[in-house]
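File shown: my_file_32.cif. Contents: mmCIF, C-alpha atoms.
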data_query
#
loop_
_atom_site.label_atom_id
_atom_site.label_comp_id
_atom_site.auth_asym_id
_atom_site.auth_seq_id
_atom_site.Cartn_x
_atom_site.Cartn_y
_atom_site.Cartn_z
CA MET J 129 83.53 -42.04 -69.92
CA ALA J 130 87.06 -40.69 -70.25
CA PHE J 131 89.41 -43.07 -68.47
CA GLY J 132 92.96 -43.00 -69.79
CA THR J 133 96.37 -44.57 -69.23
CA ILE J 134 99.71 -43.01 -70.19
CA ARG J 135 102.80 -45.17 -70.20
CA ASN J 136 106.53 -44.45 -70.15
CA VAL J 137 106.25 -40.84 -69.02
CA ALA J 138 107.91 -40.00 -65.69
CA VAL J 139 107.67 -36.89 -63.52
CA ARG J 140 111.21 -35.58 -62.86
CA GLY J 141 110.39 -32.55 -60.77
CA ILE J 142 107.79 -30.14 -59.44
CA MET J 143 108.76 -26.57 -58.63
CA CYS J 144 106.41 -23.95 -57.19
CA ALA J 145 106.93 -20.18 -57.21
CA ILE J 146 104.97 -18.07 -54.74
CA PRO J 147 104.71 -14.27 -54.89
CA ASP J 148 106.68 -12.66 -52.09
CA ASN J 149 103.65 -10.84 -50.69
CA LYS J 150 101.93 -12.60 -47.81
CA VAL J 151 98.56 -11.28 -46.67
CA TYR J 152 96.47 -12.48 -43.73
CA THR J 153 92.74 -13.10 -44.07
CA LYS J 154 92.13 -11.04 -40.94
CA GLN J 155 93.91 -7.95 -42.24
CA TYR J 156 91.17 -6.84 -44.71
CA THR J 157 89.39 -4.71 -42.13
CA ASP J 158 89.37 -1.77 -44.55
CA ARG J 159 86.45 -3.38 -46.40
CA PHE J 160 85.06 -6.15 -44.15
CA ASP J 161 83.93 -6.52 -40.55
CA ALA J 162 86.62 -8.05 -38.28
CA ASP J 163 84.23 -10.64 -36.80
CA GLU J 164 83.14 -11.74 -40.27
CA LEU J 165 86.78 -12.13 -41.32
CA LYS J 166 87.44 -14.30 -38.25
CA ARG J 167 84.40 -16.39 -39.14
CA LEU J 168 85.61 -16.79 -42.74
CA GLU J 169 89.00 -17.95 -41.45
CA ASN J 170 87.41 -20.43 -39.02
CA GLU J 171 84.93 -21.81 -41.54
CA THR J 172 87.39 -22.28 -44.40
CA GLY J 173 90.76 -22.79 -42.70
CA VAL J 174 92.47 -20.11 -44.80
CA VAL J 175 94.67 -18.04 -42.47
CA SER J 176 96.81 -16.36 -45.11
CA THR J 177 97.52 -16.25 -48.82
CA SER J 178 100.31 -14.90 -51.02
CA ARG J 179 99.21 -12.52 -53.73
CA VAL J 180 101.00 -11.22 -56.79
CA LEU J 181 102.75 -7.88 -56.50
CA GLU J 182 101.28 -5.12 -58.67
CA PRO J 183 103.20 -5.84 -61.91
CA GLN J 184 103.40 -9.63 -61.38
CA LEU J 185 101.30 -12.20 -63.26
CA ALA J 186 100.76 -15.95 -63.06
CA SER J 187 102.99 -16.37 -66.11
CA ASP J 188 105.84 -14.70 -64.22
CA LEU J 189 105.48 -17.21 -61.39
CA CYS J 190 105.37 -20.11 -63.86
CA PHE J 191 108.39 -18.76 -65.72
CA GLU J 192 110.40 -18.47 -62.49
CA ALA J 193 109.39 -21.99 -61.44
CA ALA J 194 110.28 -23.44 -64.87
CA GLU J 195 113.59 -21.58 -65.07
CA ALA J 196 114.63 -22.83 -61.61
CA LEU J 197 113.56 -26.38 -62.45
CA LEU J 198 115.45 -26.47 -65.76
CA VAL J 199 118.61 -25.31 -63.99
CA LYS J 200 118.14 -27.80 -61.15
CA LEU J 201 117.58 -30.73 -63.51
CA GLY J 202 120.40 -29.62 -65.81
CA TRP J 203 118.15 -29.88 -68.87
CA GLU J 204 119.46 -28.33 -72.07
CA ARG J 205 116.93 -25.82 -73.43
CA GLU J 206 116.91 -27.57 -76.83
CA SER J 207 115.85 -30.81 -75.18
CA VAL J 208 112.42 -29.50 -74.17
CA GLY J 209 109.92 -30.52 -76.84
CA ALA J 210 106.63 -29.24 -75.40
CA LEU J 211 105.36 -26.58 -73.04
CA ILE J 212 101.73 -26.32 -71.95
CA TYR J 213 100.50 -23.37 -69.88
CA ILE J 214 97.18 -24.09 -68.21
CA SER J 215 95.38 -21.37 -66.29
CA THR J 216 92.49 -18.93 -66.23
CA SER J 217 95.00 -16.04 -66.06
CA PHE J 218 96.49 -15.00 -69.39
CA ASP J 219 98.90 -12.17 -70.24
CA TYR J 220 97.25 -11.04 -73.48
CA THR J 221 94.18 -11.71 -75.62
CA GLU J 222 96.73 -13.05 -78.05
CA PRO J 223 99.19 -14.67 -78.48
CA ALA J 224 99.03 -17.65 -76.16
CA THR J 225 100.92 -17.01 -72.92
CA SER J 226 102.90 -20.23 -73.51
CA CYS J 227 104.51 -18.59 -76.57
CA VAL J 228 105.78 -15.73 -74.41
CA ILE J 229 107.10 -18.15 -71.79
CA GLN J 230 108.77 -20.26 -74.49
CA HIS J 231 110.60 -17.11 -75.63
CA ARG J 232 111.58 -16.11 -72.08
CA LEU J 233 112.91 -19.58 -71.27
CA GLY J 234 114.96 -19.61 -74.48
CA LEU J 235 113.40 -22.82 -75.73
CA SER J 236 113.79 -24.05 -79.28
CA VAL J 237 111.31 -23.35 -82.11
CA ASP J 238 110.89 -27.13 -82.20
CA CYS J 239 109.21 -26.90 -78.80
CA ILE J 240 105.41 -27.10 -79.04
CA ALA J 241 103.80 -24.28 -77.00
CA GLU J 242 100.10 -24.09 -76.25
CA ASP J 243 97.64 -22.77 -73.66
CA ILE J 244 94.67 -24.48 -72.08
CA SER J 245 91.99 -22.43 -70.34
CA LEU J 246 91.11 -24.32 -67.15
CA GLY J 247 91.52 -23.47 -63.48
CA CYS J 248 90.72 -25.79 -60.61
CA SER J 249 91.06 -28.99 -62.67
CA ALA J 250 94.19 -27.71 -64.46
CA PHE J 251 96.84 -30.09 -63.18
CA ILE J 252 94.78 -33.21 -63.88
CA TYR J 253 93.80 -32.11 -67.40
CA GLY J 254 97.31 -30.83 -68.05
CA LEU J 255 98.91 -34.10 -67.01
CA ALA J 256 96.50 -36.09 -69.21
CA THR J 257 97.08 -33.78 -72.18
CA ILE J 258 100.86 -33.44 -72.03
CA GLY J 259 101.31 -37.14 -71.23
CA SER J 260 99.18 -38.11 -74.22
CA LEU J 261 101.09 -35.69 -76.43
CA MET J 262 104.41 -37.19 -75.35
CA GLN J 263 103.18 -40.70 -75.89
CA THR J 264 102.14 -40.01 -79.49
CA SER J 265 105.13 -37.90 -80.56
CA ASP J 266 108.91 -37.87 -80.42
CA VAL J 267 108.86 -35.29 -77.62
CA LYS J 268 111.22 -36.59 -74.95
CA ARG J 269 111.00 -33.81 -72.38
CA ALA J 270 108.14 -31.46 -71.57
CA LEU J 271 107.09 -28.74 -69.16
CA LEU J 272 103.60 -28.40 -67.74
CA LEU J 273 102.97 -24.98 -66.23
CA CYS J 274 99.96 -24.37 -63.97
CA GLY J 275 99.52 -20.88 -62.58
CA GLU J 276 97.01 -18.38 -61.39
CA ASN J 277 96.67 -14.73 -60.48
CA VAL J 278 93.08 -14.98 -59.29
CA SER J 279 93.61 -12.03 -56.95
CA LYS J 280 93.64 -9.82 -60.05
CA ILE J 281 90.49 -11.28 -61.63
CA ALA J 282 88.24 -11.93 -58.59
CA ASP J 283 86.06 -9.17 -57.13
CA PRO J 284 88.13 -7.64 -54.28
CA PHE J 285 84.93 -6.60 -52.47
CA SER J 286 83.47 -10.09 -52.33
CA MET J 287 84.63 -11.68 -49.08
CA PRO J 288 84.91 -15.31 -50.28
CA ASN J 289 87.48 -14.12 -52.81
CA LEU J 290 89.91 -13.51 -49.95
CA LEU J 291 90.41 -17.28 -50.01
CA TYR J 292 92.26 -17.09 -53.33
CA GLY J 293 96.01 -16.96 -53.42
CA ASP J 294 98.36 -16.72 -56.40
CA ALA J 295 101.04 -19.19 -57.39
CA GLY J 296 102.81 -20.83 -60.29
CA ALA J 297 104.01 -24.40 -60.70
CA ALA J 298 106.26 -26.10 -63.23
CA ILE J 299 106.25 -29.86 -63.68
CA ALA J 300 109.02 -31.53 -65.67
CA LEU J 301 108.14 -34.74 -67.49
CA GLU J 302 110.42 -37.08 -69.38
CA LYS J 303 109.87 -40.09 -71.59
CA ASP J 304 111.32 -43.14 -69.88
CA MET J 305 110.96 -46.51 -71.59
CA THR J 306 112.28 -48.25 -68.46
CA ASP J 307 109.51 -46.84 -66.27
CA ASN J 308 106.34 -48.77 -66.89
CA ARG J 309 104.29 -47.31 -64.06
CA PRO J 310 101.41 -45.53 -65.74
CA ILE J 311 99.81 -42.14 -65.24
CA ARG J 312 96.07 -42.84 -65.17
CA TYR J 313 93.21 -40.41 -65.32
CA LEU J 314 89.47 -39.89 -65.40
CA LEU J 315 88.19 -36.56 -66.75
CA ARG J 316 84.71 -35.04 -66.63
CA THR J 317 83.01 -31.76 -67.58
CA ASP J 318 79.55 -30.39 -66.77
CA GLY J 319 79.28 -27.34 -69.01
CA HIS J 320 75.59 -27.07 -68.17
CA LYS J 321 76.76 -25.40 -64.96
CA TYR J 322 79.16 -22.99 -66.65
CA LYS J 323 77.63 -20.00 -64.85
CA ASN J 324 78.44 -21.42 -61.41
CA ILE J 325 81.91 -19.82 -61.67
CA PHE J 326 81.59 -17.05 -64.19
CA ALA J 327 83.27 -13.85 -65.36
CA ARG J 328 80.67 -12.41 -67.75
CA GLY J 329 82.47 -9.35 -69.06
CA GLY J 330 85.83 -8.81 -70.67
CA GLY J 331 85.62 -11.58 -73.24
CA ALA J 332 84.37 -11.28 -76.84
CA ARG J 333 80.66 -11.82 -76.02
CA HIS J 334 80.39 -8.88 -73.61
CA PRO J 335 83.60 -6.94 -74.27
CA HIS J 336 82.39 -3.67 -72.72
CA ALA J 337 80.43 -5.08 -69.76
CA GLN J 338 81.52 -3.85 -66.35
CA ASP J 339 81.18 -7.23 -64.63
CA ILE J 340 84.65 -8.46 -65.48
CA TYR J 341 85.29 -10.07 -62.10
CA THR J 342 84.75 -13.77 -61.50
CA GLN J 343 81.59 -14.51 -59.54
CA THR J 344 81.12 -17.84 -57.77
CA SER J 345 77.84 -19.46 -56.68
CA GLY J 346 79.43 -20.76 -53.50
CA VAL J 347 76.65 -23.07 -52.37
CA ASP J 348 76.19 -24.65 -55.83
CA VAL J 349 79.91 -25.23 -56.21
CA PHE J 350 80.16 -26.63 -52.68
CA ALA J 351 77.25 -29.01 -53.30
CA PHE J 352 78.87 -30.13 -56.59
CA SER J 353 82.27 -30.56 -54.93
CA VAL J 354 81.01 -32.72 -52.08
CA ARG J 355 78.79 -34.92 -54.31
CA GLU J 356 80.44 -35.41 -57.68
CA VAL J 357 84.07 -35.35 -56.62
CA PRO J 358 83.99 -38.17 -54.01
CA ASN J 359 81.90 -40.28 -56.41
CA THR J 360 84.39 -39.71 -59.23
CA ILE J 361 87.36 -40.53 -56.97
CA LEU J 362 85.70 -43.79 -55.90
CA GLU J 363 84.85 -44.62 -59.51
CA PHE J 364 88.48 -44.01 -60.50
CA MET J 365 89.76 -46.21 -57.69
CA ASN J 366 87.30 -49.00 -58.51
CA HIS J 367 88.03 -48.86 -62.25
CA PHE J 368 91.79 -49.16 -61.76
CA GLU J 369 91.42 -51.46 -58.72
CA ILE J 370 93.28 -49.09 -56.39
CA GLN J 371 93.06 -49.75 -52.63
CA SER J 372 93.45 -46.77 -50.32
CA GLY J 373 96.59 -48.42 -48.88
CA ASP J 374 98.23 -48.34 -52.35
CA VAL J 375 98.31 -44.55 -52.26
CA ASP J 376 100.99 -42.64 -50.34
CA LEU J 377 99.55 -39.14 -50.77
CA TYR J 378 96.19 -37.67 -51.76
CA ALA J 379 96.63 -34.21 -53.26
CA PHE J 380 93.33 -32.41 -53.74
CA TYR J 381 92.35 -29.06 -55.10
CA GLN J 382 92.54 -26.74 -52.09
CA ALA J 383 89.04 -25.24 -52.14
CA ASN J 384 88.50 -25.08 -48.40
CA GLU J 385 88.83 -27.35 -45.36
CA LYS J 386 85.18 -28.36 -45.39
CA VAL J 387 85.24 -29.61 -48.98
CA ILE J 388 88.41 -31.63 -48.41
CA GLY J 389 86.97 -32.91 -45.13
CA ARG J 390 83.88 -34.13 -47.00
CA ILE J 391 86.02 -35.96 -49.57
CA ILE J 392 88.04 -37.64 -46.79
CA LYS J 393 84.81 -38.72 -45.11
CA TRP J 394 82.93 -40.06 -48.15
CA CYS J 395 85.95 -41.77 -49.69
CA LYS J 396 87.09 -43.07 -46.27
CA LEU J 397 90.64 -41.77 -46.74
CA PRO J 398 93.32 -41.55 -44.05
CA PRO J 399 93.42 -37.80 -43.14
CA GLU J 400 97.16 -37.91 -42.41
CA LYS J 401 97.76 -38.59 -46.12
CA VAL J 402 95.72 -35.59 -47.28
CA PRO J 403 97.69 -32.31 -47.11
CA MET J 404 95.95 -28.98 -46.44
CA SER J 405 98.22 -26.36 -47.98
CA LEU J 406 95.30 -23.92 -48.13
CA THR J 407 95.91 -22.83 -44.52
CA LYS J 408 99.03 -20.97 -45.62
CA PHE J 409 98.54 -20.39 -49.33
CA GLY J 410 94.76 -20.32 -49.78
CA ASN J 411 93.11 -21.60 -52.90
CA THR J 412 95.66 -21.14 -55.68
CA GLY J 413 93.44 -22.42 -58.50
CA ALA J 414 95.42 -24.12 -61.26
CA ALA J 415 98.53 -24.33 -59.03
CA SER J 416 96.62 -25.76 -56.10
CA VAL J 417 97.32 -29.49 -56.56
CA PRO J 418 101.08 -29.11 -57.26
CA ILE J 419 101.36 -26.85 -54.19
CA ALA J 420 99.61 -29.46 -52.04
CA ILE J 421 102.14 -32.06 -53.24
CA VAL J 422 105.21 -29.87 -52.83
CA THR J 423 104.32 -28.47 -49.39
CA SER J 424 103.89 -31.96 -48.01
CA LEU J 425 107.16 -33.29 -49.49
CA VAL J 426 109.57 -30.37 -49.52
CA ALA J 427 112.65 -30.67 -47.33
CA LYS J 428 111.72 -34.22 -46.38
CA GLU J 429 113.81 -37.27 -47.15
CA ARG J 430 111.69 -39.62 -49.25
CA GLU J 431 112.56 -43.25 -48.64
CA LYS J 432 110.66 -44.67 -51.58
CA ASP J 433 108.85 -43.78 -54.76
CA MET J 434 105.41 -42.43 -53.98
CA CYS J 435 102.03 -43.11 -55.51
CA ILE J 436 100.08 -39.84 -55.54
CA LEU J 437 96.35 -39.70 -56.23
CA MET J 438 95.09 -36.27 -57.23
CA SER J 439 91.83 -34.51 -57.95
CA GLY J 440 91.03 -31.02 -59.21
CA PHE J 441 87.49 -29.68 -59.53
CA GLY J 442 85.76 -26.38 -60.20
CA VAL J 443 85.44 -23.77 -62.94
CA GLY J 444 83.81 -25.23 -66.05
CA LEU J 445 82.48 -27.09 -64.24
CA SER J 446 85.43 -29.32 -64.93
CA TRP J 447 86.93 -32.04 -62.77
CA GLY J 448 89.21 -35.00 -62.90
CA VAL J 449 91.12 -37.60 -60.94
CA ALA J 450 94.58 -38.96 -61.75
CA ASP J 451 97.36 -40.91 -60.15
CA MET J 452 101.08 -40.90 -60.85
CA TYR J 453 104.34 -42.05 -59.34
CA LEU J 454 106.90 -39.62 -58.04
CA SER J 455 110.28 -41.31 -57.75
CA LYS J 456 112.22 -40.62 -54.58
CA ASP J 457 114.88 -38.67 -56.47
CA ALA J 458 112.39 -36.45 -58.33
CA TYR J 459 113.04 -32.84 -57.38
CA VAL J 460 110.38 -30.88 -55.47
CA ASP J 461 110.78 -27.39 -54.10
CA LEU J 462 109.08 -24.10 -53.46
CA PHE J 463 110.40 -20.55 -53.35
CA TYR J 464 109.23 -16.94 -53.16
CA THR J 465 109.78 -14.39 -55.89
CA ARG J 466 109.35 -10.67 -56.59
CA ASN J 467 110.20 -10.97 -60.27
CA TYR J 468 108.03 -10.00 -63.23
CA TYR J 469 108.39 -9.54 -66.99
CA ASP J 470 108.90 -6.10 -68.51
CA ASP J 471 107.62 -6.74 -72.05
CA ASP J 472 108.65 -3.27 -73.34
CA ASN J 473 112.26 -4.02 -72.59
CA ASP J 474 112.04 -7.81 -72.87
CA CYS J 475 113.65 -8.44 -69.52
CA THR J 476 112.91 -9.79 -66.05
CA VAL J 477 112.68 -7.16 -63.33
CA THR J 478 112.65 -7.54 -59.55
CA THR J 479 110.07 -5.48 -57.67
CA PRO J 480 111.83 -3.43 -54.97
CA MET O 114 64.75 -35.10 -32.89
CA THR O 115 62.41 -32.56 -31.32
CA ASP O 116 61.83 -29.13 -32.83
CA GLU O 117 63.47 -27.56 -29.78
CA LYS O 118 66.59 -29.63 -30.36
CA LYS O 119 66.65 -28.75 -34.06
CA LEU O 120 66.42 -25.04 -33.23
CA GLU O 121 69.28 -25.49 -30.76
CA LYS O 122 71.40 -27.10 -33.48
CA LEU O 123 70.64 -24.27 -35.92
CA ALA O 124 71.34 -21.62 -33.28
CA GLU O 125 74.65 -23.24 -32.46
CA MET O 126 75.55 -23.43 -36.15
CA LEU O 127 74.64 -19.78 -36.73
CA ASP O 128 76.24 -18.66 -33.46
CA VAL O 129 73.05 -16.91 -32.25
CA GLU O 130 70.83 -17.35 -29.18
CA VAL O 131 68.14 -19.99 -29.64
CA SER O 132 65.57 -17.39 -28.53
CA GLU O 133 66.43 -15.41 -31.68
CA LEU O 134 65.08 -18.19 -33.94
CA SER O 135 61.61 -19.56 -34.59
CA ALA O 136 60.17 -21.95 -37.18
CA GLU O 137 58.08 -19.21 -38.79
CA MET O 138 60.99 -16.82 -39.22
CA PRO O 139 61.89 -16.08 -42.87
CA LEU O 140 65.53 -16.91 -43.59
CA SER O 141 65.87 -13.43 -45.08
CA ASP O 142 65.42 -12.11 -41.51
CA VAL O 143 68.18 -14.30 -40.13
CA GLY O 144 71.18 -12.02 -40.41
CA LYS O 145 73.75 -14.80 -40.29
CA TRP O 146 72.09 -16.96 -42.96
CA ASP O 147 74.51 -16.57 -45.88
CA SER O 148 76.55 -18.80 -48.18
CA LEU O 149 78.95 -19.82 -45.39
CA ALA O 150 76.00 -20.75 -43.17
CA SER O 151 74.39 -22.67 -46.05
CA ILE O 152 77.57 -24.70 -46.42
CA SER O 153 77.63 -25.35 -42.67
CA PHE O 154 74.03 -26.54 -42.91
CA ILE O 155 74.88 -29.02 -45.70
CA VAL O 156 77.70 -30.34 -43.50
CA LEU O 157 75.39 -30.54 -40.45
CA LEU O 158 72.88 -32.62 -42.41
CA GLU O 159 75.60 -34.97 -43.62
CA ASP O 160 77.28 -35.43 -40.25
CA GLU O 161 74.33 -35.58 -37.89
CA PHE O 162 71.48 -36.75 -40.10
CA ASP O 163 73.43 -38.81 -42.64
CA LYS O 164 71.59 -36.97 -45.38
CA GLN O 165 72.81 -35.38 -48.62
CA ILE O 166 70.98 -32.46 -50.19
CA GLY O 167 71.63 -30.43 -53.33
CA ALA O 168 71.90 -26.67 -53.69
CA GLY O 169 68.42 -26.65 -55.31
CA GLU O 170 66.73 -28.10 -52.22
CA LEU O 171 68.47 -25.54 -50.06
CA LYS O 172 67.42 -22.66 -52.30
CA ARG O 173 63.78 -23.69 -51.96
CA CYS O 174 63.98 -23.14 -48.18
CA LYS O 175 62.32 -19.86 -47.25
CA THR O 176 61.93 -20.16 -43.47
CA VAL O 177 63.79 -21.62 -40.49
CA GLY O 178 61.01 -24.25 -40.41
CA ASP O 179 61.92 -25.37 -43.95
CA LEU O 180 65.44 -26.08 -42.69
CA MET O 181 63.98 -27.99 -39.74
CA ASP O 182 61.93 -30.12 -42.17
CA LEU O 183 65.17 -31.12 -43.93
CA MET O 184 66.54 -32.14 -40.52
CA ALA O 185 64.08 -35.05 -40.34
CA GLU O 186 65.91 -38.29 -39.52
#

I need this file expressed as structure tokens, please.
Amino acid sequence: MAFGTIRNVAVRGIMCAIPDNKVYTKQYTDRFDADELKRLENETGVVSTSRVLEPQLASDLCFEAAEALLVKLGWERESVGALIYISTSFDYTEPATSCVIQHRLGLSVDCIAEDISLGCSAFIYGLATIGSLMQTSDVKRALLLCGENVSKIADPFSMPNLLYGDAGAAIALEKDMTDNRPIRYLLRTDGHKYKNIFARGGGARHPHAQDIYTQTSGVDVFAFSVREVPNTILEFMNHFEIQSGDVDLYAFYQANEKVIGRIIKWCKLPPEKVPMSLTKFGNTGAASVPIAIVTSLVAKEREKDMCILMSGFGVGLSWGVADMYLSKDAYVDLFYTRNYYDDDNDCTVTTP
Amino acid sequence: MTDEKKLEKLAEMLDVEVSELSAEMPLSDVGKWDSLASISFIVLLEDEFDKQIGAGELKRCKTVGDLMDLMAE
């Protein structure tokens, strides 16, 4: 059992960067039947996604989000003590993508930088990891970056992969001894099902295999999502004695409408508190939970601090539940970008 | 629920005419039986039969009749 409680760490802002390249599910008639595309849209709720431009990567989206958030919060670069990049999309075999982002952001060498390889459960694991790190160190400010460019690593000729969108999110956290509202979490992993979402080739075990694209056993993953996830959410709520009325927003991994609908049903949650950002952005993997939060709060006046309960679940299979408070003056925003990193010239370039 | 009613439910879910389905029909011959339809079937069982099944039980189904057996109340 991995229940945890982090104290005196506050979320100061969540910024999401979306690639400026919107595509509609119904427009892929070059490779799929139009009726089947309509059915996919109806069954899953995904009308459109945004996908990275040719030279763009998840790390570019995360960099843009982090850069904008640092400027907005007025944080000095030297004040950031840790950066964690969590994703299934990495720039290079080595070094860690977080090291490259640390360089691009101009952070200090005293800033810890590390990667974690997780997708759907990224935000929950990332929050637990970076919060724990802050609690046991003298790091006062930290950045958690969750991003994905699944459109580059999922088979383009497999229709369910049209549900994936790309996005990057940056979450700013700060130690605050006056804020005693905890971040709480419950984490689980079922590695016995590691082949349920699987890219066999391209890694060190099968470096020359052709099957480099991620393959998903849709029915197995759906059955897992609608059984284990509601049970884990209920277990989390029981353990920490949370009533559904205590929660202002439920931000779930945006797999598809049916999965989220099942969770609402089995956990008896109020649907109006459960955002569905997947309609517009699709399933953005690691960035999915932050996008669900931001899209439901952006440009809205928040009258009070909000309790947000979150769950991410998928590749691993890995899943988790967490809750946190977002104060009413915490910054949340979302923007579109055409920028990417030119590593030969060490500069940011805008795609025409 | 009668077998006729179960076939009607499956036909509606698959968006085919009920006359196109029979209990003996192998699922491999049902053109619209794919992963999306499998997911819809899991949802149908939960909503209308208050029954949860795993992916393993679904994979063992070879015919339309096997699905109808799972639709027992």

With the PyMOL selection byres ((chain J and resi 367-371) around 10) as the selection, what would be picked from this file? Answer as a CSV table (one decimal) with C-alpha atoms, in the frame of the given file, please.
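New file out15.csv:
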chain,number,residue,atom,x,y,z
J,131,PHE,CA,89.4,-43.1,-68.5
J,133,THR,CA,96.4,-44.6,-69.2
J,312,ARG,CA,96.1,-42.8,-65.2
J,313,TYR,CA,93.2,-40.4,-65.3
J,314,LEU,CA,89.5,-39.9,-65.4
J,361,ILE,CA,87.4,-40.5,-57.0
J,362,LEU,CA,85.7,-43.8,-55.9
J,363,GLU,CA,84.8,-44.6,-59.5
J,364,PHE,CA,88.5,-44.0,-60.5
J,365,MET,CA,89.8,-46.2,-57.7
J,366,ASN,CA,87.3,-49.0,-58.5
J,372,SER,CA,93.4,-46.8,-50.3
J,373,GLY,CA,96.6,-48.4,-48.9
J,374,ASP,CA,98.2,-48.3,-52.4
J,375,VAL,CA,98.3,-44.6,-52.3
J,437,LEU,CA,96.4,-39.7,-56.2
J,451,ASP,CA,97.4,-40.9,-60.2

Skip J:Leu271 itself and residues of its chain fewer than 5 positions away, then list as number ranges by chain all residues within 7 Å of it, counting all atoms listed in the file. J: 210-212, 298-301

I'd like the contact shell of O:Gly167 - 12 Å cut-off, only C-alpha atoms, skipping same-chain residues fewer than 6 positions apart - returned as a PyMOL selection string. (chain J and resi 347-356) or (chain O and resi 151-152+154-156+158-159+173-174+183)

Can you tell me which residues surround stretch 132-145 of chain O at a distance of at most 6 Å, considering all atoms listed in the file, apart from same-chain residues fewer than 3 positions away, and format the answer as an NGL selection string? :O and (175-178)

d(atom CA of O:Leu157, atom CA of J:Val443) in Å: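 Interatomic distance here is 25.5 Å.
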
Tell me as a PyMOL selection string which residues belonging to chain J come within 12 Å of chain O, counting all atoms listed in the file. chain J and resi 163-165+167-172+286-288+324+344-356+384-391+393-394

Generate a file of the selected residues that holds C-alpha atoms, formatted as a CSV table (one decimal), keeping the file's coordinate frame.
chain,number,residue,atom,x,y,z
J,163,ASP,CA,84.2,-10.6,-36.8
J,164,GLU,CA,83.1,-11.7,-40.3
J,165,LEU,CA,86.8,-12.1,-41.3
J,167,ARG,CA,84.4,-16.4,-39.1
J,168,LEU,CA,85.6,-16.8,-42.7
J,169,GLU,CA,89.0,-18.0,-41.4
J,170,ASN,CA,87.4,-20.4,-39.0
J,171,GLU,CA,84.9,-21.8,-41.5
J,172,THR,CA,87.4,-22.3,-44.4
J,286,SER,CA,83.5,-10.1,-52.3
J,287,MET,CA,84.6,-11.7,-49.1
J,288,PRO,CA,84.9,-15.3,-50.3
J,324,ASN,CA,78.4,-21.4,-61.4
J,344,THR,CA,81.1,-17.8,-57.8
J,345,SER,CA,77.8,-19.5,-56.7
J,346,GLY,CA,79.4,-20.8,-53.5
J,347,VAL,CA,76.6,-23.1,-52.4
J,348,ASP,CA,76.2,-24.6,-55.8
J,349,VAL,CA,79.9,-25.2,-56.2
J,350,PHE,CA,80.2,-26.6,-52.7
J,351,ALA,CA,77.2,-29.0,-53.3
J,352,PHE,CA,78.9,-30.1,-56.6
J,353,SER,CA,82.3,-30.6,-54.9
J,354,VAL,CA,81.0,-32.7,-52.1
J,355,ARG,CA,78.8,-34.9,-54.3
J,356,GLU,CA,80.4,-35.4,-57.7
J,384,ASN,CA,88.5,-25.1,-48.4
J,385,GLU,CA,88.8,-27.4,-45.4
J,386,LYS,CA,85.2,-28.4,-45.4
J,387,VAL,CA,85.2,-29.6,-49.0
J,388,ILE,CA,88.4,-31.6,-48.4
J,389,GLY,CA,87.0,-32.9,-45.1
J,390,ARG,CA,83.9,-34.1,-47.0
J,391,ILE,CA,86.0,-36.0,-49.6
J,393,LYS,CA,84.8,-38.7,-45.1
J,394,TRP,CA,82.9,-40.1,-48.2

Around the point (100.6, -7.9, -64.2), in the coordinates given by the file, pick out the residues reaching within 10 Å, counting all atoms listed in the file, and return them as an mmCIF file with C-alpha atoms, in the coordinates of the input.
data_model
loop_
_atom_site.group_PDB
_atom_site.id
_atom_site.type_symbol
_atom_site.label_atom_id
_atom_site.label_comp_id
_atom_site.auth_asym_id
_atom_site.auth_seq_id
_atom_site.Cartn_x
_atom_site.Cartn_y
_atom_site.Cartn_z
ATOM 1 C CA VAL J 180 101.000 -11.220 -56.790
ATOM 2 C CA LEU J 181 102.750 -7.880 -56.500
ATOM 3 C CA GLU J 182 101.280 -5.120 -58.670
ATOM 4 C CA PRO J 183 103.200 -5.840 -61.910
ATOM 5 C CA GLN J 184 103.400 -9.630 -61.380
ATOM 6 C CA LEU J 185 101.300 -12.200 -63.260
ATOM 7 C CA ALA J 186 100.760 -15.950 -63.060
ATOM 8 C CA SER J 187 102.990 -16.370 -66.110
ATOM 9 C CA ASP J 188 105.840 -14.700 -64.220
ATOM 10 C CA PHE J 218 96.490 -15.000 -69.390
ATOM 11 C CA ASP J 219 98.900 -12.170 -70.240
ATOM 12 C CA ASN J 277 96.670 -14.730 -60.480
ATOM 13 C CA LYS J 280 93.640 -9.820 -60.050
ATOM 14 C CA TYR J 468 108.030 -10.000 -63.230
ATOM 15 C CA TYR J 469 108.390 -9.540 -66.990
ATOM 16 C CA ASP J 470 108.900 -6.100 -68.510
#

One decimal, Å: what's the distance from atom CA of J:Val422 over to atom CA of J:Ile142, could you say?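 So the two atoms, atom CA of J:Val422 and atom CA of J:Ile142, lie 7.1 Å apart.
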
Interatomic distance (Å, one decimal) between atom CA of O:Glu170 and atom CA of O:Leu123: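 Atom-to-atom, atom CA of O:Glu170 to atom CA of O:Leu123, that is 17.2 Å.
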
Considering only C-alpha atoms, return as a PDB file with C-alpha atoms, in the coordinates of the input whatever protein or nucleic-acid residues lie within 9 Å of J:Glu206, sequence-local ones (same chain, fewer than 2 positions apart) excluded.
ATOM      1  CA  TRP J 203     118.150 -29.880 -68.870  1.00  0.00           C
ATOM      2  CA  GLU J 204     119.460 -28.330 -72.070  1.00  0.00           C
ATOM      3  CA  VAL J 208     112.420 -29.500 -74.170  1.00  0.00           C
ATOM      4  CA  GLY J 209     109.920 -30.520 -76.840  1.00  0.00           C
ATOM      5  CA  GLY J 234     114.960 -19.610 -74.480  1.00  0.00           C
ATOM      6  CA  LEU J 235     113.400 -22.820 -75.730  1.00  0.00           C
ATOM      7  CA  SER J 236     113.790 -24.050 -79.280  1.00  0.00           C
ATOM      8  CA  VAL J 237     111.310 -23.350 -82.110  1.00  0.00           C
ATOM      9  CA  ASP J 238     110.890 -27.130 -82.200  1.00  0.00           C
ATOM     10  CA  CYS J 239     109.210 -26.900 -78.800  1.00  0.00           C
TER      11      CYS J 239
END
